[in-house]
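See structure below.
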There are 4 protein chains.
Amino acid sequence: MIVKMSKQATKANYDNLVTALKQKKFTIKDVSSKHIRIFGIIGDTASLDVNDIKAFEGVEEAIRIQKPFKQASRAFKEEATIITLKNGVRIGSEAAVMMAGPCSVESETQLFTIADFLSKQGVKVLRGGAYKPRTSPYTFQGMQEAGLKLLRQAADKYGMAVVSEIPRSDLIDTFDAYVDIMQVGARNMQNFELLKALGKTRKPILLKRGLSATIEEWLMSAEYIINSGNPNVILAERGIRTFETYTRNTLDISAVLAIKELSHLPVIVDPSHAAGRWNMIEKLSAASLAVGADGLIVEVHHDPENALSDGAQSLKFDNFSQAFNALKILSQALNRPLI
Amino acid sequence: MIVKMSKQATKANYDNLVTALKQKKFTIKDVSSKHIRIFGIIGDTASLDVNDIKAFEGVEEAIRIQKPFKQASRAFKEEATIITLKNGVRIGSEAAVMMAGPCSVESETQLFTIADFLSKQGVKVLRGGAYKPRTSPYTFQGMQEAGLKLLRQAADKYGMAVVSEIPRSDLIDTFDAYVDIMQVGARNMQNFELLKALGKTRKPILLKRGLSATIEEWLMSAEYIINSGNPNVILAERGIRTFETYTRNTLDISAVLAIKELSHLPVIVDPSHAAGRWNMIEKLSAASLAVGADGLIVEVHHDPENALSDGAQSLKFDNFSQAFNALKILSQALNRPLI
Amino acid sequence: MIVKMSKQATKANYDNLVTALKQKKFTIKDVSSKHIRIFGIIGDTASLDVNDIKAFEGVEEAIRIQKPFKQASRAFKEEATIITLKNGVRIGSEAAVMMAGPCSVESETQLFTIADFLSKQGVKVLRGGAYKPRTSPYTFQGMQEAGLKLLRQAADKYGMAVVSEIPRSDLIDTFDAYVDIMQVGARNMQNFELLKALGKTRKPILLKRGLSATIEEWLMSAEYIINSGNPNVILAERGIRTFETYTRNTLDISAVLAIKELSHLPVIVDPSHAAGRWNMIEKLSAASLAVGADGLIVEVHHDPENALSDGAQSLKFDNFSQAFNALKILSQALNRPLI
Amino acid sequence: MIVKMSKQATKANYDNLVTALKQKKFTIKDVSSKHIRIFGIIGDTASLDVNDIKAFEGVEEAIRIQKPFKQASRAFKEEATIITLKNGVRIGSEAAVMMAGPCSVESETQLFTIADFLSKQGVKVLRGGAYKPRTSPYTFQGMQEAGLKLLRQAADKYGMAVVSEIPRSDLIDTFDAYVDIMQVGARNMQNFELLKALGKTRKPILLKRGLSATIEEWLMSAEYIINSGNPNVILAERGIRTFETYTRNTLDISAVLAIKELSHLPVIVDPSHAAGRWNMIEKLSAASLAVGADGLIVEVHHDPENALSDGAQSLKFDNFSQAFNALKILSQALNRPLI
């Protein structure tokens, strides 16, 4: 961490801060010029908060040079993390993985219709929401545990794995019984209590990026889970909030590259929530594979017009078939199969 | 809600959507021009999701005209909501209310030193974090229940009320025993499970605006709490995330005016988290009172340089005294006392 | 345009607005429900400003339904616009086009070294800045007209076309003499005086998206050029400003898809300015081709470490060769060659 | 500037960069720890671009510690800059200054009606647009030079000064003949050619903040004008672009405080463009005075419903009178008169 003292700072201000840092076993290296006093703090600065340093009188600026995440970083672990599901699917490995399914589980008929179709297409991971975090209390909130049961039944019938969003920590045992991947929704990315609780399981966690989270904050949330004991974290880019309103969110495709540089964790892309428009999904999926995403998670529905949530961004069966085939051809050109 | 069909939309597309809406008891009013087919949906559109309408084939645009919040709206309840605390302080009433205290409770000595000082200044509401949602798992996470106990003891000794952040729903009974206002942090603003659980109590809830929440989303989160049974919601503007980095967040002062137009709920301002710089707090507090905020919540510490969190944005005692006095004088000119 | 009157609006308020609109030959269609008065304005609403309607007493909301751009819209012109350069290159046609070159022209040796290399790679369009809009007045401002001359000489020698940024309208004749495409920089996207002046030429214009421009505003800037007489506009997505700081800007890959839906104009991508990191350029280029961009514009330098501007985002020769080859292979899989 | 080398960087990478910097007369101070090589660059780093340093192989991060602006900084000039207009009004001095007038000059009658009213209210600076930068080419573009003439006539009749926006540099002589302050619009804040040309005059320049400009970029634009020879710059905060849509822009009230810390230049606030809603103007003006703004610029119209631009954000005469009186009373409590 680099600290710059203000012009008005006194020698006493400087000594005060340096003494406090030395007591915490940090080493100080001075880089002051004639006009400004600047120094570096050497040591395990992940435990220092920039704002705590700025609290010292006379400090104008404190800038972190070392990344604050450790166990999630590539510096900590060079080789890529691969997450193996019970049905044998490996995420972050030689193939990119397609995850698909309805936004919400709505009924047995709906779910089995979709799962049947997807399994015939070759899809190995089934998505579906049972507990739905909706912006409005007046809209459908999900089938709850009954939805999880249906997901497990459909998945077992078709040899698929299941991913579903967990909204609170007292449901961990329930989810553990039914799903293969527990998803943390974008709105809960910094629900640190939930993250810590999920660190106690060994189930893979799909951690969505928050609506306006920086890449660094996202990795810090992964760090919470890993540091609590669960190294099985998959990241999911799902668009960030900007001033642009034509799309629901702005897909940050560069984030996939950034994660690959900074971390050993697998990262997938959710084009459905990013765009909010079904007719963009195929192309945004292609772009995601082109930058090296480890997988995709897309919404598919046999009858989006009567879906209970997110119909606008769901692919119909024929659109999905066509997109999946096109993406498989593309993935060959990219030398990484899509399964 | 207004729906615009695309140029390519067929008569069948139109009929399909209209039939579905009529089945849900909505009335359709057509406003089509020669070139485009547009119609309005009349009825209780709060239960309709814009994205579900867009899912229908042939729909180009669906635009909400009615606000999606009801019970939080001024249209629903004209007169301002006033929240009365056990020590007699009334929020949203004739006086603006100062809430102050340390970012985190760190020790008995620390808390009582600060509470003693604040009570002598006339402050009636004590803030203090016991469960700290920190971006990094490697920084101080709070004193937990021991912190809550200290807050209650200090508050009782000095006749103050206590506000503290509740991080998860299984702590509601614990918080109920110790605090007068339960705070929902910015990162939990859309933790709908927590909001629903807080709707089961009658304790006042201080709902912070999310890091990148729109005013509408913020009011929808208030709606969750009210709709679950608890009408005692206080809103707190604490800055939003923008591209500007000089301040920690960008204080959205206009949001106070917007809330006053749209809602009957009281709204206060947290200049400490907005700016992240203690030397901006007095002036931003003045601006907040000038636009009509119902109160302020500021961080005060006797020794910010050794605070365990957020020292950079905490006021020292002498700065707080001076600021509080200046703000009281200003509040007289504004014809609304500050207590 | 849809207008919603407030609850407080009187009959007189309504009549006043409706009368004014009827005088301007608009037709009014009422969609009022029991509780709110809402009506649609039918006619050429592109000439109406939403803010002017909101100025009328009693108006709560005015929402545009029709897009404000006309001549730039696909509704106006169904078939894609193709721009043919003097050297035969066609932009927006059967092949995607690679444009490459240094950020700034620095010297004859520098430019010819780079142009020689690029032409051998098969690149047909040479980019290079002669007038450099720099954030700081203390950094290199470009070789000015001497730079344009060098660009023309290099291009002629190697059979390439030239694209370079024009900073002000009194240079139009100068640029007309030297370049094949005049670029409008992101910071000048809403310099309407420049746009109107460029409408007087027939030279193709490369219109970069502004730093925080919406897609609609970007197309409105294209509309300015077309409406002033020049239909030869190429759009260039170059990243938008968000809170994320790991990349210089956030490449909005979905914007390419949006433009293809909304407009007939060709759109290319500038991954160099979007990312600000040379090691992301190949992958972001691949993503751009995957979503259907009509071309790429990338920065290449034989010695980026000693470049006078933007070295961090420039590809070295070997990196460019490798990237260009990989992208050509990808483009075959996408069924659209890259030239 | 602080430079951090990557883990992969070689000794040769390091030597290469250090040698280049030493040739440019910079001094290097090493702060490396065991694991990472970090050093500071000492000297006049305003001439260094962060991106040029990052271009060197092996560089992971380059962070500016010194502010890039010099002549606009408070470090360069401690005492506040005061700008004195020909009619004696002093901006940045003991009193805050109200500037008011219509968005656009529309006719002699309109302008003189408004100017007559404002002068009776005591307003000393008249605003009015003659060249209107509009997002759409299909809306009113201003009366051009005829508008400037009317502004001068009205101002002379009532002893006022005039501020109006200049859209391009070839109009400088024209504007010089008619106005007292030349305004640079938000969309031209980084039109560096215009800024350089305005540096050649001595007329005061009102520099609006760009739609998504950082405070640092805004001061760099001021630096361009000052460095070209004109020290008479007034800054105007007018809201920034965020995801929030209830207001037209988000007024960044903290920017006033930031400018006061960082610069000696006067700074005023434009609440009309920030909010885009006339009913927020009085309160946002109060907030602006409360944080110490040197003035206000607000839109006033006798008949906003028939204004040719920006009616929604214009105050009517009675609203202006009431607001101006209330603000004057407030300004007394703030110990700084408003004139």
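Chain labels run A, B, ... following the order of the structure tokens; each chain numbers its residues from 1, and ligands are numbered from 1 in the order shown.
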
Subject >> Asp116 (chain C) surroundings by only C-alpha atoms, 9 Å radius, close-in-sequence under 3 positions cut, as number ranges by chain >> reply: C: 111-113, 119-121, 154, 157-158

Original post:
Within 7 Å of Pro266 (chain A), counting only C-alpha atoms, which residues qualify if same-chain residues fewer than 5 places away don't, as a list in words?
Top reply: Thr81, Ile91, Gly92, Ile234, Leu235 and Asp294 of chain A

Subject >> chain A contacts to chain D at 7 Å (only C-alpha atoms) as a ChimeraX atom specification >> reply: /A:29,31,33,40,42,241-243

Please dump the current selection as a PDB file, in the first residue's frame; keep C-alpha atoms.
ATOM      1  CA  LYS A  29       9.831   2.275   2.663  1.00  0.00           C
ATOM      2  CA  VAL A  31       9.772   7.338  -1.591  1.00  0.00           C
ATOM      3  CA  SER A  33      10.316  13.663  -3.215  1.00  0.00           C
ATOM      4  CA  GLY A  40       5.090   2.245   0.887  1.00  0.00           C
ATOM      5  CA  ILE A  42       5.322  -3.625   3.065  1.00  0.00           C
ATOM      6  CA  ARG A 241     -25.841  -1.707 -14.341  1.00  0.00           C
ATOM      7  CA  THR A 242     -25.023   1.273 -16.527  1.00  0.00           C
ATOM      8  CA  PHE A 243     -26.936   4.268 -17.914  1.00  0.00           C
TER       9      PHE A 243
END

What's around Ala274 (chain C) at 7 Å? Count only C-alpha atoms, leave out sequence neighbours fewer than 2 positions away in its own chain, and write the answer as a PDB file with C-alpha atoms, in the first residue's frame.
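out.pdb written:
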ATOM      1  CA  ARG C 238     -15.330   1.804 -28.138  1.00  0.00           C
ATOM      2  CA  GLY C 239     -16.485   1.051 -24.617  1.00  0.00           C
ATOM      3  CA  ARG C 248     -10.195   1.513 -19.230  1.00  0.00           C
ATOM      4  CA  ASN C 249     -13.819   1.364 -20.373  1.00  0.00           C
ATOM      5  CA  THR C 250     -16.423  -1.402 -20.500  1.00  0.00           C
ATOM      6  CA  LEU C 251     -16.855  -2.799 -24.022  1.00  0.00           C
ATOM      7  CA  ASP C 270     -12.509  -0.643 -31.223  1.00  0.00           C
ATOM      8  CA  PRO C 271     -11.223  -3.115 -28.626  1.00  0.00           C
ATOM      9  CA  SER C 272      -8.031  -1.116 -27.995  1.00  0.00           C
ATOM     10  CA  GLY C 276      -6.895  -0.240 -22.649  1.00  0.00           C
TER      11      GLY C 276
END

**OP:** Have a look at CA of Ser212 (chain D) and CA of Arg277 (chain B) and let me know their distance in Å, one decimal.
**Re:**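 If I compute the distance from CA of Ser212 (chain D) to CA of Arg277 (chain B), I get 21.9 Å.
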
Original post:
Leaving out region 137-148 of chain B and any residue of its chain fewer than 6 positions from it, which residues lie within 7 Å of it when counting only C-alpha atoms, given as a list of chain:residue names?
Top reply: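 In the requested form, the answer reads A:Ala46, A:Ser47, A:Tyr224, B:Ser104, B:Val105, B:Glu106, B:Gly129, B:Ala130, B:Tyr131, B:Tyr178, B:Leu308.
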
With N, CA and C atoms retained, could you export that selection as an mmCIF file, in the first residue's frame?
data_model
loop_
_atom_site.group_PDB
_atom_site.id
_atom_site.type_symbol
_atom_site.label_atom_id
_atom_site.label_comp_id
_atom_site.auth_asym_id
_atom_site.auth_seq_id
_atom_site.Cartn_x
_atom_site.Cartn_y
_atom_site.Cartn_z
ATOM 1 N N ALA A 46 -3.438 -7.155 3.029
ATOM 2 C CA ALA A 46 -4.829 -7.568 2.860
ATOM 3 C C ALA A 46 -5.636 -7.303 4.129
ATOM 4 N N SER A 47 -4.977 -7.273 5.259
ATOM 5 C CA SER A 47 -5.693 -7.036 6.515
ATOM 6 C C SER A 47 -5.867 -5.541 6.801
ATOM 7 N N TYR A 224 -14.632 -14.891 0.529
ATOM 8 C CA TYR A 224 -15.412 -15.197 1.733
ATOM 9 C C TYR A 224 -15.786 -16.683 1.778
ATOM 10 N N SER B 104 -18.248 1.049 14.317
ATOM 11 C CA SER B 104 -18.354 -0.229 15.027
ATOM 12 C C SER B 104 -18.243 -0.021 16.525
ATOM 13 N N VAL B 105 -18.976 -0.831 17.268
ATOM 14 C CA VAL B 105 -18.717 -0.927 18.701
ATOM 15 C C VAL B 105 -17.417 -1.713 18.847
ATOM 16 N N GLU B 106 -16.454 -1.130 19.577
ATOM 17 C CA GLU B 106 -15.147 -1.794 19.684
ATOM 18 C C GLU B 106 -14.847 -2.285 21.096
ATOM 19 N N GLY B 129 -22.259 -0.246 14.992
ATOM 20 C CA GLY B 129 -22.343 -1.536 14.318
ATOM 21 C C GLY B 129 -21.832 -2.656 15.222
ATOM 22 N N ALA B 130 -22.591 -3.730 15.321
ATOM 23 C CA ALA B 130 -22.155 -4.883 16.111
ATOM 24 C C ALA B 130 -21.828 -6.062 15.184
ATOM 25 N N TYR B 131 -22.594 -6.178 14.111
ATOM 26 C CA TYR B 131 -22.322 -7.181 13.072
ATOM 27 C C TYR B 131 -21.900 -6.377 11.843
ATOM 28 N N TYR B 178 -32.486 -5.690 21.995
ATOM 29 C CA TYR B 178 -31.466 -4.677 22.287
ATOM 30 C C TYR B 178 -31.646 -3.334 21.590
ATOM 31 N N LEU B 308 -11.518 0.633 14.455
ATOM 32 C CA LEU B 308 -11.346 -0.653 13.781
ATOM 33 C C LEU B 308 -12.032 -0.679 12.415
#

Subject >> Backbone DSSP call of strand (DSSP E) for region 34-177 of chain B, listed as a list in words >> reply: Ile38, Phe39, Gly40, Ile41, Ile42, Val59, Glu60, Glu61, Ala62, Ile63, Ile83, Thr84, Arg90, Ile91, Val97, Met98, Met99, Ala100, Gly101, Val125, Leu126, Arg127, Ala161, Val162, Val163, Ser164 and Glu165 of chain B

Produce a file of the selected residues containing N, CA and C atoms, as a PDB file, in the first residue's frame.
ATOM      1  N   ILE B  38     -50.335   0.429 -30.822  1.00  0.00           N
ATOM      2  CA  ILE B  38     -50.010   0.711 -29.424  1.00  0.00           C
ATOM      3  C   ILE B  38     -51.294   0.610 -28.616  1.00  0.00           C
ATOM      4  N   PHE B  39     -51.204   0.023 -27.426  1.00  0.00           N
ATOM      5  CA  PHE B  39     -52.392   0.040 -26.574  1.00  0.00           C
ATOM      6  C   PHE B  39     -52.005   0.132 -25.099  1.00  0.00           C
ATOM      7  N   GLY B  40     -52.969   0.574 -24.314  1.00  0.00           N
ATOM      8  CA  GLY B  40     -52.758   0.689 -22.878  1.00  0.00           C
ATOM      9  C   GLY B  40     -53.453  -0.451 -22.159  1.00  0.00           C
ATOM     10  N   ILE B  41     -52.818  -0.924 -21.073  1.00  0.00           N
ATOM     11  CA  ILE B  41     -53.441  -1.957 -20.232  1.00  0.00           C
ATOM     12  C   ILE B  41     -53.950  -1.257 -18.975  1.00  0.00           C
ATOM     13  N   ILE B  42     -55.238  -1.357 -18.744  1.00  0.00           N
ATOM     14  CA  ILE B  42     -55.832  -0.668 -17.600  1.00  0.00           C
ATOM     15  C   ILE B  42     -56.192  -1.706 -16.546  1.00  0.00           C
ATOM     16  N   VAL B  59     -44.242  -8.155 -29.484  1.00  0.00           N
ATOM     17  CA  VAL B  59     -44.164  -6.980 -28.608  1.00  0.00           C
ATOM     18  C   VAL B  59     -42.783  -6.335 -28.748  1.00  0.00           C
ATOM     19  N   GLU B  60     -42.767  -5.039 -29.051  1.00  0.00           N
ATOM     20  CA  GLU B  60     -41.483  -4.353 -29.172  1.00  0.00           C
ATOM     21  C   GLU B  60     -41.113  -3.670 -27.863  1.00  0.00           C
ATOM     22  N   GLU B  61     -42.101  -3.167 -27.184  1.00  0.00           N
ATOM     23  CA  GLU B  61     -41.830  -2.351 -25.997  1.00  0.00           C
ATOM     24  C   GLU B  61     -43.006  -2.459 -25.044  1.00  0.00           C
ATOM     25  N   ALA B  62     -42.721  -2.530 -23.753  1.00  0.00           N
ATOM     26  CA  ALA B  62     -43.779  -2.454 -22.740  1.00  0.00           C
ATOM     27  C   ALA B  62     -43.287  -1.483 -21.682  1.00  0.00           C
ATOM     28  N   ILE B  63     -44.067  -0.447 -21.433  1.00  0.00           N
ATOM     29  CA  ILE B  63     -43.613   0.625 -20.554  1.00  0.00           C
ATOM     30  C   ILE B  63     -44.608   0.817 -19.412  1.00  0.00           C
ATOM     31  N   ILE B  83     -42.510   8.169  12.843  1.00  0.00           N
ATOM     32  CA  ILE B  83     -42.097   6.988  13.604  1.00  0.00           C
ATOM     33  C   ILE B  83     -41.645   7.447  14.984  1.00  0.00           C
ATOM     34  N   THR B  84     -42.327   6.959  16.001  1.00  0.00           N
ATOM     35  CA  THR B  84     -42.013   7.397  17.356  1.00  0.00           C
ATOM     36  C   THR B  84     -41.222   6.314  18.087  1.00  0.00           C
ATOM     37  N   ARG B  90     -39.320  11.511  17.615  1.00  0.00           N
ATOM     38  CA  ARG B  90     -40.232  11.286  16.504  1.00  0.00           C
ATOM     39  C   ARG B  90     -39.517  11.577  15.186  1.00  0.00           C
ATOM     40  N   ILE B  91     -39.480  10.584  14.309  1.00  0.00           N
ATOM     41  CA  ILE B  91     -38.769  10.731  13.033  1.00  0.00           C
ATOM     42  C   ILE B  91     -39.780  10.979  11.923  1.00  0.00           C
ATOM     43  N   VAL B  97     -33.784  14.803  12.925  1.00  0.00           N
ATOM     44  CA  VAL B  97     -33.167  14.058  14.022  1.00  0.00           C
ATOM     45  C   VAL B  97     -31.719  13.685  13.679  1.00  0.00           C
ATOM     46  N   MET B  98     -30.816  14.007  14.615  1.00  0.00           N
ATOM     47  CA  MET B  98     -29.414  13.602  14.452  1.00  0.00           C
ATOM     48  C   MET B  98     -29.200  12.230  15.090  1.00  0.00           C
ATOM     49  N   MET B  99     -28.676  11.304  14.304  1.00  0.00           N
ATOM     50  CA  MET B  99     -28.256  10.003  14.836  1.00  0.00           C
ATOM     51  C   MET B  99     -26.742   9.957  14.691  1.00  0.00           C
ATOM     52  N   ALA B 100     -26.040   9.532  15.729  1.00  0.00           N
ATOM     53  CA  ALA B 100     -24.575   9.556  15.648  1.00  0.00           C
ATOM     54  C   ALA B 100     -23.984   8.455  16.500  1.00  0.00           C
ATOM     55  N   GLY B 101     -22.742   8.142  16.207  1.00  0.00           N
ATOM     56  CA  GLY B 101     -22.044   7.112  16.961  1.00  0.00           C
ATOM     57  C   GLY B 101     -20.927   6.520  16.126  1.00  0.00           C
ATOM     58  N   VAL B 125     -30.225   9.708  19.444  1.00  0.00           N
ATOM     59  CA  VAL B 125     -30.190   8.378  18.824  1.00  0.00           C
ATOM     60  C   VAL B 125     -28.732   7.968  18.587  1.00  0.00           C
ATOM     61  N   LEU B 126     -28.370   6.831  19.143  1.00  0.00           N
ATOM     62  CA  LEU B 126     -26.987   6.333  19.083  1.00  0.00           C
ATOM     63  C   LEU B 126     -26.869   5.263  18.005  1.00  0.00           C
ATOM     64  N   ARG B 127     -25.930   5.416  17.104  1.00  0.00           N
ATOM     65  CA  ARG B 127     -25.705   4.385  16.101  1.00  0.00           C
ATOM     66  C   ARG B 127     -24.432   3.612  16.475  1.00  0.00           C
ATOM     67  N   ALA B 161     -31.901   6.293  22.090  1.00  0.00           N
ATOM     68  CA  ALA B 161     -32.385   5.133  21.341  1.00  0.00           C
ATOM     69  C   ALA B 161     -31.193   4.572  20.571  1.00  0.00           C
ATOM     70  N   VAL B 162     -31.303   3.306  20.143  1.00  0.00           N
ATOM     71  CA  VAL B 162     -30.185   2.645  19.465  1.00  0.00           C
ATOM     72  C   VAL B 162     -30.590   2.188  18.068  1.00  0.00           C
ATOM     73  N   VAL B 163     -29.715   2.444  17.095  1.00  0.00           N
ATOM     74  CA  VAL B 163     -29.901   1.879  15.763  1.00  0.00           C
ATOM     75  C   VAL B 163     -28.666   1.059  15.408  1.00  0.00           C
ATOM     76  N   SER B 164     -28.887  -0.166  14.900  1.00  0.00           N
ATOM     77  CA  SER B 164     -27.762  -1.034  14.550  1.00  0.00           C
ATOM     78  C   SER B 164     -28.173  -1.967  13.414  1.00  0.00           C
ATOM     79  N   GLU B 165     -27.187  -2.343  12.604  1.00  0.00           N
ATOM     80  CA  GLU B 165     -27.499  -3.139  11.411  1.00  0.00           C
ATOM     81  C   GLU B 165     -27.700  -4.612  11.725  1.00  0.00           C
TER      82      GLU B 165
END

**OP:** Please identify all polymer residues within 9 Å of region 199-208 of chain D, counting only C-alpha atoms, omitting same-chain residues fewer than 3 positions from it, and present them as a ChimeraX atom specification.
**Re:** /D:83-85,163-165,172,176,179-189,194-196,218,221-222,224-238,270

Keeping only N, CA and C atoms, write the selected residues as a short mmCIF file (atom, residue, chain, number, x, y, z; two decimals), in the first residue's frame.
data_model
loop_
_atom_site.label_atom_id
_atom_site.label_comp_id
_atom_site.auth_asym_id
_atom_site.auth_seq_id
_atom_site.Cartn_x
_atom_site.Cartn_y
_atom_site.Cartn_z
N ILE D 83 -13.46 36.49 -10.21
CA ILE D 83 -13.67 36.96 -11.58
C ILE D 83 -14.61 38.16 -11.55
N THR D 84 -14.11 39.28 -12.01
CA THR D 84 -14.92 40.51 -11.95
C THR D 84 -15.48 40.83 -13.33
N LEU D 85 -16.80 40.96 -13.40
CA LEU D 85 -17.45 41.28 -14.67
C LEU D 85 -17.52 42.79 -14.85
N VAL D 163 -24.35 35.77 -19.98
CA VAL D 163 -23.63 34.51 -20.19
C VAL D 163 -24.39 33.70 -21.23
N SER D 164 -23.65 33.17 -22.22
CA SER D 164 -24.29 32.38 -23.29
C SER D 164 -23.30 31.35 -23.82
N GLU D 165 -23.83 30.25 -24.31
CA GLU D 165 -22.96 29.15 -24.73
C GLU D 165 -22.39 29.35 -26.13
N ILE D 172 -15.74 33.10 -31.80
CA ILE D 172 -15.20 33.79 -30.61
C ILE D 172 -15.31 35.31 -30.74
N ASP D 176 -17.37 37.65 -28.33
CA ASP D 176 -16.62 38.66 -27.60
C ASP D 176 -17.36 40.01 -27.67
N VAL D 179 -21.14 39.10 -25.36
CA VAL D 179 -21.37 38.50 -24.04
C VAL D 179 -20.25 38.84 -23.05
N ASP D 180 -20.55 38.64 -21.77
CA ASP D 180 -19.58 38.88 -20.71
C ASP D 180 -18.92 37.59 -20.24
N ILE D 181 -19.64 36.52 -20.39
CA ILE D 181 -19.10 35.20 -20.03
C ILE D 181 -19.44 34.24 -21.17
N MET D 182 -18.44 33.52 -21.67
CA MET D 182 -18.68 32.52 -22.71
C MET D 182 -18.80 31.15 -22.03
N GLN D 183 -19.89 30.50 -22.30
CA GLN D 183 -20.12 29.20 -21.66
C GLN D 183 -19.67 28.06 -22.58
N VAL D 184 -18.97 27.07 -22.01
CA VAL D 184 -18.66 25.83 -22.73
C VAL D 184 -19.66 24.79 -22.22
N GLY D 185 -20.45 24.25 -23.12
CA GLY D 185 -21.49 23.30 -22.72
C GLY D 185 -20.91 21.96 -22.29
N ALA D 186 -21.73 21.21 -21.57
CA ALA D 186 -21.29 19.91 -21.04
C ALA D 186 -20.77 19.01 -22.16
N ARG D 187 -21.44 19.03 -23.31
CA ARG D 187 -21.06 18.14 -24.40
C ARG D 187 -19.76 18.56 -25.08
N ASN D 188 -19.32 19.78 -24.80
CA ASN D 188 -18.05 20.26 -25.36
C ASN D 188 -16.93 20.33 -24.32
N MET D 189 -17.14 19.77 -23.16
CA MET D 189 -16.13 19.93 -22.10
C MET D 189 -14.78 19.38 -22.52
N LEU D 194 -11.72 23.74 -28.99
CA LEU D 194 -12.47 24.90 -28.52
C LEU D 194 -11.82 25.47 -27.26
N LEU D 195 -11.41 24.59 -26.36
CA LEU D 195 -10.79 25.05 -25.11
C LEU D 195 -9.51 25.84 -25.39
N LYS D 196 -8.70 25.31 -26.31
CA LYS D 196 -7.45 26.00 -26.63
C LYS D 196 -7.73 27.37 -27.24
N TRP D 218 -12.48 17.28 -15.46
CA TRP D 218 -13.08 18.62 -15.54
C TRP D 218 -11.99 19.67 -15.26
N SER D 221 -9.69 20.06 -18.14
CA SER D 221 -10.23 20.92 -19.20
C SER D 221 -10.03 22.39 -18.83
N ALA D 222 -10.20 22.71 -17.56
CA ALA D 222 -9.89 24.07 -17.10
C ALA D 222 -8.41 24.36 -17.35
N TYR D 224 -6.52 23.26 -19.66
CA TYR D 224 -6.31 23.57 -21.09
C TYR D 224 -6.53 25.06 -21.35
N ILE D 225 -7.61 25.60 -20.80
CA ILE D 225 -7.92 27.02 -21.03
C ILE D 225 -6.86 27.90 -20.38
N ILE D 226 -6.53 27.60 -19.14
CA ILE D 226 -5.55 28.42 -18.41
C ILE D 226 -4.19 28.33 -19.09
N ASN D 227 -3.81 27.11 -19.46
CA ASN D 227 -2.49 26.90 -20.06
C ASN D 227 -2.38 27.60 -21.42
N SER D 228 -3.53 27.82 -22.08
CA SER D 228 -3.51 28.55 -23.36
C SER D 228 -3.56 30.05 -23.14
N GLY D 229 -3.62 30.49 -21.89
CA GLY D 229 -3.49 31.92 -21.62
C GLY D 229 -4.62 32.62 -20.91
N ASN D 230 -5.72 31.93 -20.67
CA ASN D 230 -6.87 32.60 -20.05
C ASN D 230 -7.16 32.02 -18.66
N PRO D 231 -6.81 32.77 -17.61
CA PRO D 231 -6.98 32.24 -16.26
C PRO D 231 -8.39 32.41 -15.71
N ASN D 232 -9.29 33.04 -16.50
CA ASN D 232 -10.61 33.40 -15.97
C ASN D 232 -11.64 32.30 -16.18
N VAL D 233 -11.52 31.25 -15.42
CA VAL D 233 -12.40 30.09 -15.60
C VAL D 233 -13.32 29.95 -14.39
N ILE D 234 -14.60 29.79 -14.68
CA ILE D 234 -15.61 29.48 -13.66
C ILE D 234 -16.12 28.07 -13.96
N LEU D 235 -16.19 27.22 -12.96
CA LEU D 235 -16.68 25.86 -13.16
C LEU D 235 -18.17 25.78 -12.84
N ALA D 236 -18.89 24.95 -13.55
CA ALA D 236 -20.33 24.78 -13.27
C ALA D 236 -20.70 23.30 -13.21
N GLU D 237 -21.10 22.87 -12.01
CA GLU D 237 -21.60 21.50 -11.80
C GLU D 237 -23.05 21.47 -12.28
N ARG D 238 -23.39 20.48 -13.14
CA ARG D 238 -24.74 20.41 -13.72
C ARG D 238 -25.31 19.00 -13.72
N ASP D 270 -25.74 24.41 -11.45
CA ASP D 270 -26.88 24.54 -12.36
C ASP D 270 -27.93 23.48 -11.98
#
